[in-house]
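**Student:** This is the content of final-v5.txt (compact mmCIF, C-alpha atoms):
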# COMPACT_ATOMS: atom_id res chain seq x y z
CA MET A 16 4.54 22.61 14.25
CA SER A 17 3.75 19.12 12.96
CA VAL A 18 0.90 18.21 10.66
CA ILE A 19 -1.98 16.64 12.59
CA LEU A 20 -4.60 14.42 11.00
CA SER A 21 -8.02 16.07 11.02
CA ASN A 22 -10.86 14.37 12.88
CA GLU A 23 -12.58 13.67 9.56
CA LEU A 24 -9.53 11.94 8.12
CA LYS A 25 -8.97 10.05 11.39
CA GLN A 26 -12.50 8.70 11.10
CA ILE A 27 -11.90 7.60 7.51
CA LEU A 28 -8.56 5.98 8.35
CA ASN A 29 -9.91 4.22 11.45
CA ALA A 30 -13.08 3.03 9.74
CA GLY A 31 -10.95 1.47 7.03
CA THR A 32 -10.44 2.07 3.35
CA ILE A 33 -8.61 0.94 0.22
CA ILE A 34 -5.23 2.56 -0.42
CA PRO A 35 -3.41 1.29 -3.53
CA ALA A 36 0.37 1.65 -3.67
CA ASN A 37 0.94 3.65 -6.85
CA PRO A 38 3.31 2.34 -9.54
CA THR A 39 5.44 4.80 -11.49
CA ALA A 40 4.73 5.21 -15.21
CA LEU A 41 7.95 5.82 -17.13
CA THR A 42 8.88 6.57 -20.72
CA LYS A 43 11.44 4.52 -22.67
CA ASP A 44 14.19 6.92 -21.55
CA LEU A 45 13.06 6.51 -17.93
CA LYS A 46 11.48 9.93 -17.55
CA LEU A 47 8.12 10.39 -15.84
CA ASP A 48 5.27 9.63 -18.26
CA GLU A 49 2.96 12.29 -16.88
CA ARG A 50 -0.10 11.40 -18.98
CA ARG A 51 -0.02 7.74 -18.00
CA GLN A 52 0.81 8.55 -14.37
CA ARG A 53 -2.22 10.81 -14.13
CA ALA A 54 -4.37 8.13 -15.76
CA LEU A 55 -3.34 5.59 -13.11
CA MET A 56 -4.21 7.95 -10.27
CA ARG A 57 -7.56 8.81 -11.87
CA TYR A 58 -8.28 5.10 -12.28
CA TYR A 59 -7.77 4.38 -8.57
CA LEU A 60 -9.87 7.34 -7.51
CA ASP A 61 -12.73 6.60 -9.92
CA ALA A 62 -12.63 2.93 -8.92
CA GLY A 63 -13.52 3.95 -5.37
CA SER A 64 -10.21 3.88 -3.53
CA GLY A 65 -10.21 5.96 -0.35
CA GLY A 66 -6.57 6.95 -0.55
CA LEU A 67 -3.38 6.89 -2.59
CA ALA A 68 0.13 5.93 -1.47
CA ILE A 69 2.80 7.53 -3.66
CA GLY A 70 6.58 7.13 -3.58
CA VAL A 71 6.43 3.73 -1.87
CA HIS A 72 7.87 0.29 -2.75
CA THR A 73 5.50 -0.31 -5.67
CA SER A 74 6.48 3.13 -6.99
CA GLN A 75 10.13 1.90 -7.13
CA PHE A 76 12.35 3.16 -4.33
CA GLU A 77 14.87 4.16 -7.03
CA ILE A 78 12.73 7.14 -8.11
CA ARG A 79 14.69 9.09 -5.50
CA GLU A 80 18.07 8.57 -7.16
CA ALA A 81 16.44 9.27 -10.54
CA GLY A 82 15.19 12.67 -9.36
CA LEU A 83 11.54 11.68 -9.74
CA PHE A 84 10.37 11.58 -6.13
CA GLN A 85 9.32 15.23 -5.86
CA PRO A 86 7.78 15.43 -9.36
CA ILE A 87 5.62 12.38 -8.66
CA LEU A 88 4.46 13.76 -5.30
CA GLU A 89 3.66 17.09 -6.96
CA LEU A 90 1.68 15.39 -9.72
CA GLY A 91 -0.17 13.35 -7.11
CA LYS A 92 -1.10 16.50 -5.24
CA GLU A 93 -2.52 18.00 -8.42
CA GLU A 94 -4.70 14.96 -9.13
CA LEU A 95 -5.87 14.67 -5.52
CA ASP A 96 -6.70 18.38 -5.42
CA ALA A 97 -8.65 18.06 -8.67
CA GLN A 98 -10.56 15.05 -7.37
CA PHE A 99 -11.45 16.86 -4.15
CA ALA A 100 -12.61 19.93 -6.09
CA LYS A 101 -14.88 17.68 -8.14
CA GLU A 102 -16.22 15.30 -5.48
CA LYS A 103 -15.73 17.23 -2.20
CA LYS A 104 -14.78 13.89 -0.70
CA PRO A 105 -11.59 13.66 1.41
CA ILE A 106 -8.98 11.20 0.20
CA ILE A 107 -6.17 9.86 2.42
CA ARG A 108 -2.91 11.19 0.96
CA VAL A 109 0.12 9.05 1.83
CA ALA A 110 3.71 9.67 0.73
CA GLY A 111 6.61 7.30 1.19
CA ALA A 112 9.54 8.33 3.39
CA MET A 113 12.74 6.34 3.80
CA GLY A 114 16.46 6.46 4.43
CA LYS A 115 18.46 7.62 7.42
CA THR A 116 17.08 10.43 9.54
CA GLU A 117 18.31 13.35 7.44
CA GLN A 118 16.82 11.92 4.24
CA ALA A 119 13.56 10.87 5.93
CA ILE A 120 13.14 14.34 7.48
CA GLY A 121 13.58 15.89 4.04
CA GLU A 122 11.01 13.58 2.47
CA ALA A 123 8.54 14.02 5.34
CA THR A 124 8.91 17.80 5.15
CA LEU A 125 8.30 17.74 1.41
CA ALA A 126 5.20 15.60 1.92
CA ALA A 127 3.89 17.99 4.57
CA ASP A 128 4.54 20.99 2.31
CA LEU A 129 2.57 19.29 -0.49
CA ASP A 130 -0.43 18.66 1.79
CA TYR A 131 0.02 14.92 2.20
CA ASN A 132 -1.71 13.61 5.32
CA ALA A 133 0.86 11.04 6.44
CA VAL A 134 4.06 9.26 5.48
CA LEU A 135 4.53 5.53 5.19
CA LEU A 136 7.84 5.26 7.04
CA ASN A 137 10.29 2.69 5.71
CA LEU A 138 12.99 1.79 8.27
CA SER A 139 15.02 -0.58 6.10
CA ALA A 140 18.03 1.79 6.17
CA PHE A 141 18.42 0.80 9.86
CA LYS A 142 19.24 -2.87 9.25
CA GLU A 143 21.03 -3.68 12.49
CA ASP A 144 20.10 -0.77 14.75
CA SER A 145 18.49 -1.10 18.17
CA ASN A 146 14.89 -0.37 19.01
CA GLU A 147 16.05 2.80 20.77
CA VAL A 148 17.64 4.14 17.58
CA LEU A 149 14.58 3.22 15.53
CA ILE A 150 12.13 4.82 17.96
CA ASN A 151 14.12 8.05 18.18
CA HIS A 152 14.15 8.22 14.39
CA CYS A 153 10.38 7.63 14.23
CA LYS A 154 9.76 10.36 16.82
CA GLU A 155 11.68 12.87 14.70
CA ILE A 156 9.53 12.10 11.66
CA ALA A 157 6.31 12.11 13.71
CA ALA A 158 7.20 15.61 14.86
CA ILE A 159 6.75 16.70 11.24
CA ILE A 160 3.78 14.69 9.92
CA PRO A 161 1.55 11.75 10.97
CA VAL A 162 3.33 8.44 10.56
CA ILE A 163 2.12 5.10 9.24
CA GLY A 164 4.43 2.30 10.32
CA PHE A 165 5.66 -0.12 7.70
CA TYR A 166 6.64 -3.74 8.32
CA LEU A 167 8.38 -4.41 4.99
CA GLN A 168 9.29 -8.07 4.70
CA PRO A 169 13.03 -8.85 4.78
CA THR A 170 12.85 -10.73 1.43
CA ILE A 171 12.44 -7.45 -0.47
CA GLY A 172 14.75 -5.27 1.58
CA GLY A 173 13.03 -4.87 4.94
CA ARG A 174 14.04 -6.12 8.37
CA SER A 175 12.50 -7.88 11.36
CA TYR A 176 11.02 -6.13 14.41
CA ASP A 177 9.96 -7.51 17.77
CA THR A 178 6.82 -6.88 19.80
CA ASP A 179 8.63 -4.41 22.06
CA PHE A 180 9.43 -2.21 19.06
CA TRP A 181 5.80 -2.10 17.94
CA ARG A 182 4.63 -1.37 21.50
CA GLN A 183 6.95 1.64 21.73
CA PHE A 184 6.20 2.72 18.17
CA ALA A 185 2.43 2.72 18.76
CA GLN A 186 2.95 4.90 21.85
CA ILE A 187 4.29 7.76 19.69
CA GLU A 188 1.58 10.41 19.70
CA ASN A 189 1.49 11.13 15.95
CA VAL A 190 1.53 7.49 14.83
CA VAL A 191 -1.86 6.93 13.18
CA ALA A 192 -1.62 3.51 11.53
CA ILE A 193 0.61 0.57 10.70
CA LYS A 194 0.89 -1.27 7.39
CA VAL A 195 1.82 -4.88 8.11
CA ALA A 196 3.58 -6.38 5.09
CA ALA A 197 5.55 -9.06 6.92
CA PHE A 198 4.07 -11.90 4.84
CA ASP A 199 4.39 -13.95 8.00
CA ARG A 200 1.65 -14.82 10.51
CA TYR A 201 3.99 -14.90 13.51
CA ASP A 202 5.44 -11.47 12.75
CA THR A 203 1.95 -10.13 12.08
CA ILE A 204 0.84 -11.22 15.54
CA ASP A 205 3.91 -9.54 17.05
CA VAL A 206 2.82 -6.22 15.53
CA ILE A 207 -0.77 -6.45 16.67
CA ARG A 208 0.14 -7.58 20.18
CA GLY A 209 2.51 -4.64 20.47
CA VAL A 210 -0.25 -2.24 19.45
CA ALA A 211 -2.68 -3.91 21.86
CA GLU A 212 -0.21 -3.44 24.73
CA SER A 213 0.66 0.16 23.83
CA GLY A 214 -2.28 1.88 25.51
CA ARG A 215 -3.14 3.50 22.14
CA ALA A 216 -4.79 0.52 20.48
CA ASP A 217 -7.90 2.58 19.68
CA LYS A 218 -5.80 5.29 18.00
CA VAL A 219 -3.61 3.18 15.69
CA ALA A 220 -5.38 1.71 12.66
CA LEU A 221 -4.14 -1.57 11.23
CA TYR A 222 -3.79 -1.89 7.46
CA THR A 223 -2.85 -5.12 5.80
CA GLY A 224 0.07 -5.10 3.44
CA ASN A 225 0.15 -8.90 3.54
CA ASP A 226 -0.72 -9.32 -0.12
CA ASP A 227 -0.55 -13.10 0.31
CA THR A 228 -3.50 -13.17 2.74
CA ILE A 229 -5.58 -10.05 2.08
CA VAL A 230 -9.03 -11.51 2.65
CA ASN A 231 -8.13 -13.51 5.76
CA ASP A 232 -6.48 -10.46 7.29
CA LEU A 233 -9.58 -8.37 6.71
CA LEU A 234 -11.84 -11.06 8.19
CA SER A 235 -9.79 -11.76 11.33
CA GLU A 236 -10.13 -10.37 14.83
CA TYR A 237 -7.16 -10.55 17.21
CA GLN A 238 -7.82 -10.75 20.95
CA PHE A 239 -5.18 -10.22 23.66
CA PRO A 240 -5.85 -10.39 27.45
CA ILE A 241 -4.12 -7.29 28.82
CA GLY A 242 -4.42 -5.87 32.31
CA GLY A 243 -7.61 -7.67 33.22
CA THR A 244 -9.40 -6.88 29.96
CA VAL A 245 -9.38 -8.24 26.41
CA VAL A 246 -8.08 -5.88 23.74
CA LYS A 247 -9.53 -6.62 20.32
CA LYS A 248 -7.91 -5.43 17.08
CA SER A 249 -8.68 -6.03 13.43
CA PHE A 250 -7.29 -4.92 10.10
CA VAL A 251 -9.64 -2.17 8.98
CA GLY A 252 -8.29 -1.74 5.46
CA GLY A 253 -5.39 -2.35 3.14
CA LEU A 254 -2.43 -0.41 1.80
CA LEU A 255 -1.38 -2.78 -0.92
CA GLY A 256 0.70 -3.13 -4.04
CA HIS A 257 -1.72 -5.85 -5.11
CA TRP A 258 -4.49 -3.25 -5.24
CA ALA A 259 -2.51 -1.32 -7.86
CA VAL A 260 -4.15 -3.69 -10.35
CA TRP A 261 -7.76 -4.87 -10.73
CA ASN A 262 -8.57 -2.05 -8.32
CA ASN A 263 -12.27 -1.69 -9.08
CA LYS A 264 -12.84 -5.36 -8.24
CA ALA A 265 -10.72 -4.92 -5.11
CA VAL A 266 -13.06 -2.13 -3.99
CA GLU A 267 -16.05 -4.42 -4.58
CA LEU A 268 -14.38 -7.21 -2.60
CA PHE A 269 -13.46 -4.87 0.26
CA ASN A 270 -17.07 -3.67 0.52
CA ARG A 271 -18.31 -7.26 0.53
CA ILE A 272 -15.95 -8.10 3.39
CA LYS A 273 -16.93 -5.02 5.41
CA ASN A 274 -20.63 -5.89 5.09
CA ALA A 275 -20.34 -9.67 5.27
CA LYS A 276 -22.93 -11.72 7.11
CA PRO A 277 -21.76 -14.81 9.02
CA GLU A 278 -23.08 -17.15 6.35
CA GLU A 279 -20.95 -15.38 3.71
CA ILE A 280 -17.61 -15.85 5.44
CA SER A 281 -16.88 -19.30 3.99
CA ASP A 282 -17.37 -18.08 0.41
CA LEU A 283 -15.16 -15.08 1.07
CA ILE A 284 -12.38 -17.29 2.44
CA SER A 285 -12.56 -19.38 -0.73
CA LEU A 286 -12.43 -16.22 -2.80
CA GLY A 287 -9.41 -15.16 -0.79
CA VAL A 288 -7.54 -18.25 -2.00
CA LYS A 289 -8.09 -17.08 -5.58
CA VAL A 290 -6.80 -13.62 -4.71
CA THR A 291 -3.69 -15.15 -3.13
CA ASP A 292 -3.10 -17.32 -6.20
CA ALA A 293 -3.37 -14.24 -8.43
CA ASN A 294 -0.97 -12.41 -6.13
CA ALA A 295 1.56 -15.23 -6.42
CA ALA A 296 1.63 -14.58 -10.17
CA PHE A 297 1.78 -10.79 -9.92
CA PHE A 298 4.35 -10.73 -7.11
CA ASP A 299 6.47 -13.65 -8.35
CA SER A 300 6.38 -15.45 -5.02
CA ARG A 301 8.08 -18.55 -6.46
CA ASN A 302 11.19 -16.49 -7.14
CA LYS A 303 11.26 -14.68 -3.79
CA PHE A 304 9.31 -11.71 -5.19
CA LYS A 305 12.03 -10.66 -7.63
CA GLY A 306 9.42 -9.80 -10.28
CA SER A 307 6.89 -8.10 -7.99
CA ILE A 308 7.08 -4.64 -9.55
CA ALA A 309 7.42 -5.98 -13.09
CA GLY A 310 4.42 -8.24 -12.50
CA ILE A 311 2.23 -5.31 -11.50
CA HIS A 312 3.46 -3.44 -14.57
CA GLU A 313 2.63 -6.40 -16.81
CA VAL A 314 -1.03 -6.26 -15.82
CA LEU A 315 -1.13 -2.48 -16.31
CA ILE A 316 0.46 -2.89 -19.76
CA ARG A 317 -2.27 -5.35 -20.73
CA GLN A 318 -4.91 -2.86 -19.61
CA GLY A 319 -3.30 -0.01 -21.55
CA PHE A 320 -1.99 2.11 -18.67
CA MET A 321 1.70 1.52 -19.32
CA GLU A 322 3.51 1.52 -22.65
CA ALA A 323 6.05 -1.14 -21.67
CA ASN A 324 7.76 -2.62 -18.62
CA TYR A 325 10.10 0.29 -17.98
CA THR A 326 11.83 0.22 -14.59
CA ILE A 327 14.72 2.26 -13.21
CA SER A 328 16.59 -0.77 -11.89
CA SER A 329 17.71 -3.29 -14.51
CA HIS A 330 16.99 -6.02 -11.95
CA GLU A 331 13.24 -5.27 -11.90
CA VAL A 332 12.13 -7.62 -14.68
CA LEU A 333 9.67 -10.46 -15.11
CA SER A 334 11.05 -13.83 -14.01
CA PRO A 335 11.07 -16.80 -16.38
CA GLY A 336 7.54 -18.20 -16.49
CA GLN A 337 5.97 -15.23 -14.69
CA LYS A 338 4.11 -13.95 -17.76
CA GLU A 339 2.64 -17.42 -18.23
CA GLU A 340 1.52 -17.43 -14.59
CA ILE A 341 -0.25 -14.11 -15.12
CA ASP A 342 -1.89 -15.62 -18.23
CA ARG A 343 -3.06 -18.52 -16.07
CA VAL A 344 -4.72 -16.45 -13.34
CA TYR A 345 -6.32 -14.19 -15.94
CA LYS A 346 -7.85 -17.27 -17.55
CA ILE A 347 -9.10 -19.12 -14.48
CA TYR A 348 -10.23 -16.13 -12.38
CA PRO A 349 -12.00 -13.80 -14.84
CA GLU A 350 -14.21 -12.55 -12.01
CA LEU A 351 -11.21 -10.89 -10.35
CA ASN A 352 -10.11 -8.58 -13.16
CA ASP A 353 -11.63 -5.19 -13.95
CA ASP A 354 -10.59 -5.01 -17.62
CA GLU A 355 -14.11 -4.02 -18.67
CA PHE A 356 -14.21 -1.09 -16.22
CA VAL A 357 -10.81 0.06 -17.43
CA ALA A 358 -11.71 -0.27 -21.12
CA GLU A 359 -14.80 1.88 -20.60
CA ASN A 360 -12.86 4.72 -18.96
CA ILE A 361 -9.20 4.67 -19.95
CA ASP A 362 -9.53 7.12 -22.83
CA ARG A 363 -11.03 9.66 -20.46
CA TRP A 364 -8.34 9.09 -17.85
CA MET A 365 -5.61 9.50 -20.47
CA ARG A 366 -6.81 12.94 -21.56
Once you've parsed the file, please lay out its structure as structure tokens.
**Tutor:**
Amino acid sequence: MSVILSNELKQILNAGTIIPANPTALTKDLKLDERRQRALMRYYLDAGSGGLAIGVHTSQFEIREAGLFQPILELGKEELDAQFAKEKKPIIRVAGAMGKTEQAIGEATLAADLDYNAVLLNLSAFKEDSNEVLINHCKEIAAIIPVIGFYLQPTIGGRSYDTDFWRQFAQIENVVAIKVAAFDRYDTIDVIRGVAESGRADKVALYTGNDDTIVNDLLSEYQFPIGGTVVKKSFVGGLLGHWAVWNNKAVELFNRIKNAKPEEISDLISLGVKVTDANAAFFDSRNKFKGSIAGIHEVLIRQGFMEANYTISSHEVLSPGQKEEIDRVYKIYPELNDDEFVAENIDRWMR
């Protein structure tokens, strides 16, 4: 029998929350740095995040080949269990799942066994396959655990999908949300239109993964005339690599957006430009996102979470000039960083 999302967790997911994509803390010899990994998870939870996504792109897909996927999920379960025991507040637990069907079934089964609530399903292993193949694969995973769709942009290993795919995908009974990380407005509309036409628009939550337009996504309402009525859909939250850093300020921003009055929208849009500029530095947009993981690590190193920029792949390094770009956004947008919050708590998180 498949895992089904409880009504309480459905309400949390559909109302919208902050879900940071967790980086992986490694030692110099590329083993899991358990103390620093726990500290990162404690940081996100204490900052007010409503969920954690573990084993996803920001975690480094290569953790699987390195034998770290299961240990990281197990450590995440321990921290999430401890947080729940302390706060009695449900947290959305998301694990990454990827690869061809056999691999994805194994990862989804592991996630279910470790009490994760859903998997973020990466379909990039199916580069040229038809919608029929993709949908059948998704149905097999959804038979195990609730599924969050993932539009990973082609620039960093994903693929393109049409509206018909998203319509069929949203019709799968155990699909609960979609993370849209297309970094493209046209593709984003394709996803949302597909959901609107699926007949399950009220059951599939939209989460922005468009780190280049976080604030605009969260402020926008999409309207599609369908069958004599207008279906309205909005992004209710974010599942973002960008929120792996400066997370406490991201929580504050998210709450401002959720409670915004009409007269505050203009200021929020202006603030969103600053967030996008910061993201360009972290994610290395000028070099086609080659330094996206290393850029996130660089900020976490400065805050004391990571010892150094250790990554499993030798290609995951800062690009020339990227460190200087991070210096720049730190200097001109001091209101966006949460260094003070981190400094006050990091010793406790590291224990």
**Student:** With all atoms listed in the file as the atoms that count, which of A:Val191, A:Leu286, A:Ile163, A:Ala112 lies nearest to A:Asn231?
**Tutor:** A:Leu286
**Student:** Which residue, A:Asp282, A:Val260, A:Ile171, A:Arg363, has the smallest gap to A:Arg317 when you use all atoms listed in the file?
**Tutor:** A:Val260
**Student:** Expressed in Å to a single decimal, how great is the separation between atom CA of A:Val245 and atom CA of A:Ile204?
**Tutor:**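 So the answer is 15.2 Å.
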**Student:** Centre and edge lengths of an axis-aligned box around all listed atoms of stretch 65-81 of chain A, with 6 Å added on each side, are to be given in Å to one decimal, as lines of an AutoDock Vina configuration file.
**Tutor:**
center_x = 3.9
center_y = 4.5
center_z = -5.4
size_x = 40.3
size_y = 21.6
size_z = 22.2
**Student:** Near A:Ala127, within 10 Å and counting all atoms listed in the file, which residues show up once chain neighbours fewer than 5 positions away are dropped, as a short mmCIF file (atom, residue, chain, number, x, y, z; two decimals) with C-alpha atoms, in the frame of the given file?
**Tutor:**
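Saved as around-v3.cif:
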data_model
loop_
_atom_site.label_atom_id
_atom_site.label_comp_id
_atom_site.auth_asym_id
_atom_site.auth_seq_id
_atom_site.Cartn_x
_atom_site.Cartn_y
_atom_site.Cartn_z
CA SER A 17 3.75 19.12 12.96
CA VAL A 18 0.90 18.21 10.66
CA ALA A 110 3.71 9.67 0.73
CA GLY A 121 13.58 15.89 4.04
CA GLU A 122 11.01 13.58 2.47
CA ASN A 132 -1.71 13.61 5.32
CA ALA A 133 0.86 11.04 6.44
CA VAL A 134 4.06 9.26 5.48
CA ILE A 159 6.75 16.70 11.24
CA ILE A 160 3.78 14.69 9.92
CA PRO A 161 1.55 11.75 10.97
#
**Student:** Between A:Gly70, A:Gly164, A:Gly209, A:Gly224, which has the minimum distance to A:Gly253 (counting all atoms listed in the file)?
**Tutor:**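 Smallest separation from A:Gly253 among the options: A:Gly224.
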**Student:** Of the residues A:Lys142, A:Phe180, A:Tyr58, A:Ala295, which is the one nearest to A:Asp353, using all atoms listed in the file?
**Tutor:**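 Of all the options, A:Tyr58 lies closest to A:Asp353.
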**Student:** Can you measure atom CA of A:Leu136 to atom CA of A:Leu95 for me? One decimal in Å is fine.
**Tutor:** 20.8 Å
**Student:** Determine the nearest neighbour of A:Ile33 from the options A:Ser300, A:Asn262, A:Asn294, A:Gln183, counting all atoms listed in the file.
**Tutor:**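 Of A:Ser300, A:Asn262, A:Asn294, A:Gln183, the one nearest A:Ile33 is A:Asn262, counting all atoms listed in the file.
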**Student:** Counting all atoms listed in the file, which of A:Ser175, A:Asn274, A:Thr291, A:Thr124 gets nearest to A:Val195?
**Tutor:**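 Under the stated criterion, the closest residue is A:Ser175.
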